[in-house]
Amino acid sequence: MNTLTVIGLGAGDFDQLQMGVYKKLKAAKKLYVRTVDHPVLEELSAEGLQFESFDAVYEKHNSFQPVYEEIAERLMAAAKIDDVMYAVPGHPLVAEQTVQLLIAATDERKVNLVIEGGQSFLDPIFGALKIDPIEGFQLLDGTSFSMHDINMRQHILIAQVYDTFSASEVKLTLMEKYDDEYPITVVTAAGSSQEKIVTVPLYELDQSVEVNNLTTVYVPPVKSQEEALRDWTTFRQIIATLRGPNGCPWDQKQTHESLKKYLLEEAHEYLAAVDAEDDFAMIEELGDVLLQVFLHAQIGEDQGYFSLEDVVASISEKMIRRHPHVFGDVSVEDAEGVVANWEAIKVLEKGKSDEPLLEEEYRASSALQTAYNYQKRAAEVGFDWPDVDGAWDKFAEEWQEFRNEVTKGSNASRLDEFGDVLFTLVNLARFYKLSPEEAMLHANEKFARRFGYVEAKVKESGKLFSTYTLEQLDAFWNEAKLLEKE
C-alpha cells in the first residue's frame, strides 16, 4: 500500500520553516496543499516547487464539512496510485479536520498514513500574547463553536477566523456570554516578520480589524464575577458563597423543608408571568425558580448527600432513556405517540409492584393537583368515563346533592358534598386537558388584579368602602374587565 504523508508548513513565514520539513517538501514525488494562501508556499513556488492545491474545492461547497470530506477522499484516491505528500498550515494535528478524517480512514485500513512534524500556531501565539498555557486554555474553531463551549475563566484562542463574515459570527457568539465592550485581542501571523497584534472592544471585531487565514482571536479570562454573570459557574459560586461560612445568615439556616413554600410561590409567580405574556417578568421569575433549584442542590452538597451534578446527570439520563424516538431507533408518529411511549417506559422502569396505584400521586401542597393525579392514574387502568358526557352527568348529580345538603343537611354533609362537586370539576378539567391548579392560580390572580382596580377607585374618591353599595363596587369591577379587554 502506498503512503500518504501529512506534513505541517508551520504557522509563519519561510524563515520559520523547519529544515527537516523543507527537505521533505523538496523531495516529495507528488505534493498536495490544502490552500496556497500561506507565506511558505510563496517562497517554495519561487524556488520552482510544484504542488496542487484544493482551493477550488472550497468554492464548490457552502459549508466546510463537505470540503474536508472531498479533500480526504481525493487524497486517498491519489495514494492508491503512488506515494503522496499533503501539506497543511501549522501542525497536522492542530485544528486540521482533513487530517482527522484521514486518521479515521487509517483506523478502517483505507490508507497508510504517516504524520510528520510542523510548528503549530500555538507556540508563537503564546509567545506573542505572553500567556502560560498551564493556567488553562481552550482552542476553539471559529466556524463551529457555540457559547456552550466557552469557559470564561480560561484563556480562549479562536482559530479559523479568516474573513469579515467569520469574524462577525465569532463576535455574535461571544456576545452571548461577554459584554459588548469586553477587550479581545486579534493576532495575525504570530512569530513572523508580519506579526500584528491589535486589542479592541468585542463589538469592533468585525469592523476595525483586518483578519485573514493566519488570524487568531484571543479572549482573556474574566477577572470578576460581574464579568461572567451569564456563566452557570458564577451563579453556582454565588449560591455556595451565600451558604458558606462567611455567607448570609438566612441562606445558611435554610433546609429542604423550609424552602418548600418558596419553590411553590416562585413557580406560581412564573405562571402568572406566562399568563401576562411578559417576557421580562418570565426572565426574572425563571431566575427565582432556578435559585430554588440551586439552593436545594447546594444544601444536598453541604450535607454530603448529592450535588448539582447528580441532579443534572439524573434528569439527562432520564430524558435520553424516555426519548428513544430521538436518541434511539424507536419511531413515533405524533405527540400522542410520544406520550404513550413515555408512559410505557415508566411502567417498565417501575416494574411490577404491590404498591397501591395512587401511592405516589398524593401532593401535600395541593389538593387540586392530588385530585387531578388520582383521576389520571385511575383512568390509565380503565377506571374512567368513556367520554366527557359521563363526567358532565356526574357533575350535575353531585351539584344537586350539594344543593340538597345546603337546604337540609349538616355542616359536615355539606362539606362532604361540596368536596364531591370540586372533585367532579377537576375531572371535567382533565377531560378538556386543562390544569385545575393552573386555572385556580389564574382565577386568583385575575381576582386580585380586578379587585385592586376597585380598591384604587375607592381610594381615589377619598371615601371608605362602606359608603359604596355593592352595585357601585360592581361597576368598578366591570370597568376593570373592560380595560383588560382593551
# chains A, B, ... in the order shown; residues from 1 in each chain; ligands from 1
$ residues_around --residues "Val99 in chain A" --least-positions-apart "4" --cutoff "10 Å" --atoms "only C-alpha atoms" --output "ChimeraX atom specification"
/A:6,68,71-72,86,88,92-95,103-105,113,115
$ residues_around --residues "Gly10 in chain A" --least-positions-apart "4" --cutoff "10 Å" --atoms "only C-alpha atoms" --output "count of residues only"
19
$ residues_around --residues "Glu398 in chain A" --least-positions-apart "3" --cutoff "8 Å" --atoms "only C-alpha atoms" --output "PyMOL selection string"
chain A and resi 394-395+401-402+417+420-421+424
$ residues_around --residues "range 208-210 of chain A" --least-positions-apart "5" --cutoff "9 Å" --atoms "only C-alpha atoms" --output "CSV table (one decimal) with C-alpha atoms, in the first residue's frame"
chain,number,residue,atom,x,y,z
A,163,ASP,CA,-12.7,36.9,6.9
A,164,THR,CA,-15.2,39.5,7.9
A,186,VAL,CA,-6.6,39.8,17.4
A,188,THR,CA,-2.2,37.7,12.9
A,198,VAL,CA,-4.5,44.5,18.0
A,200,VAL,CA,-10.2,46.1,20.6
A,215,THR,CA,-5.6,35.2,12.3
$ select_by_dssp --residues "range 300-355 of chain A" --states "alpha helix (DSSP H)" --output "PyMOL selection string"
chain A and resi 300-303+308-321+324-327+335-350
$ closest_residue --among "A:Asp180, A:Asp82, A:Glu42, A:Asp334" --to "Glu204 in chain A" --atoms "only C-alpha atoms"
A:Asp180
$ residues_around --residues "range 278-286 of chain A" --least-positions-apart "3" --cutoff "12 Å" --atoms "only C-alpha atoms" --output "ChimeraX atom specification"
/A:262-275,289-293
$ residues_around --residues "Leu482 in chain A" --least-positions-apart "6" --cutoff "12 Å" --atoms "only C-alpha atoms" --output "list in words"
Arg450, Tyr453, Ala475 and Phe476 of chain A
$ atom_distance --atom1 "CA of Ile320 in chain A" --atom2 "CA of Phe306 in chain A"
21.1 Å
$ residues_around --residues "Lys346 in chain A" --least-positions-apart "6" --cutoff "12 Å" --atoms "only C-alpha atoms" --output "list in words"
Lys318, Met319, Arg321, Arg322, His323, Val339, Ala340 and Lys352 of chain A
$ select_by_dssp --residues "range 132-229 of chain A" --states "strand (DSSP E)" --output "PyMOL selection string"
chain A and resi 137-141+155-159+183-188+196-201+215-219
$ closest_residue --among "A:Leu205, A:Leu4, A:Val161, A:Leu41" --to "Asn112 in chain A" --atoms "only C-alpha atoms"
A:Leu4
$ closest_residue --among "A:Ala344, A:Glu309, A:Glu227, A:Leu122" --to "Pro324 in chain A" --atoms "only C-alpha atoms"
A:Ala344
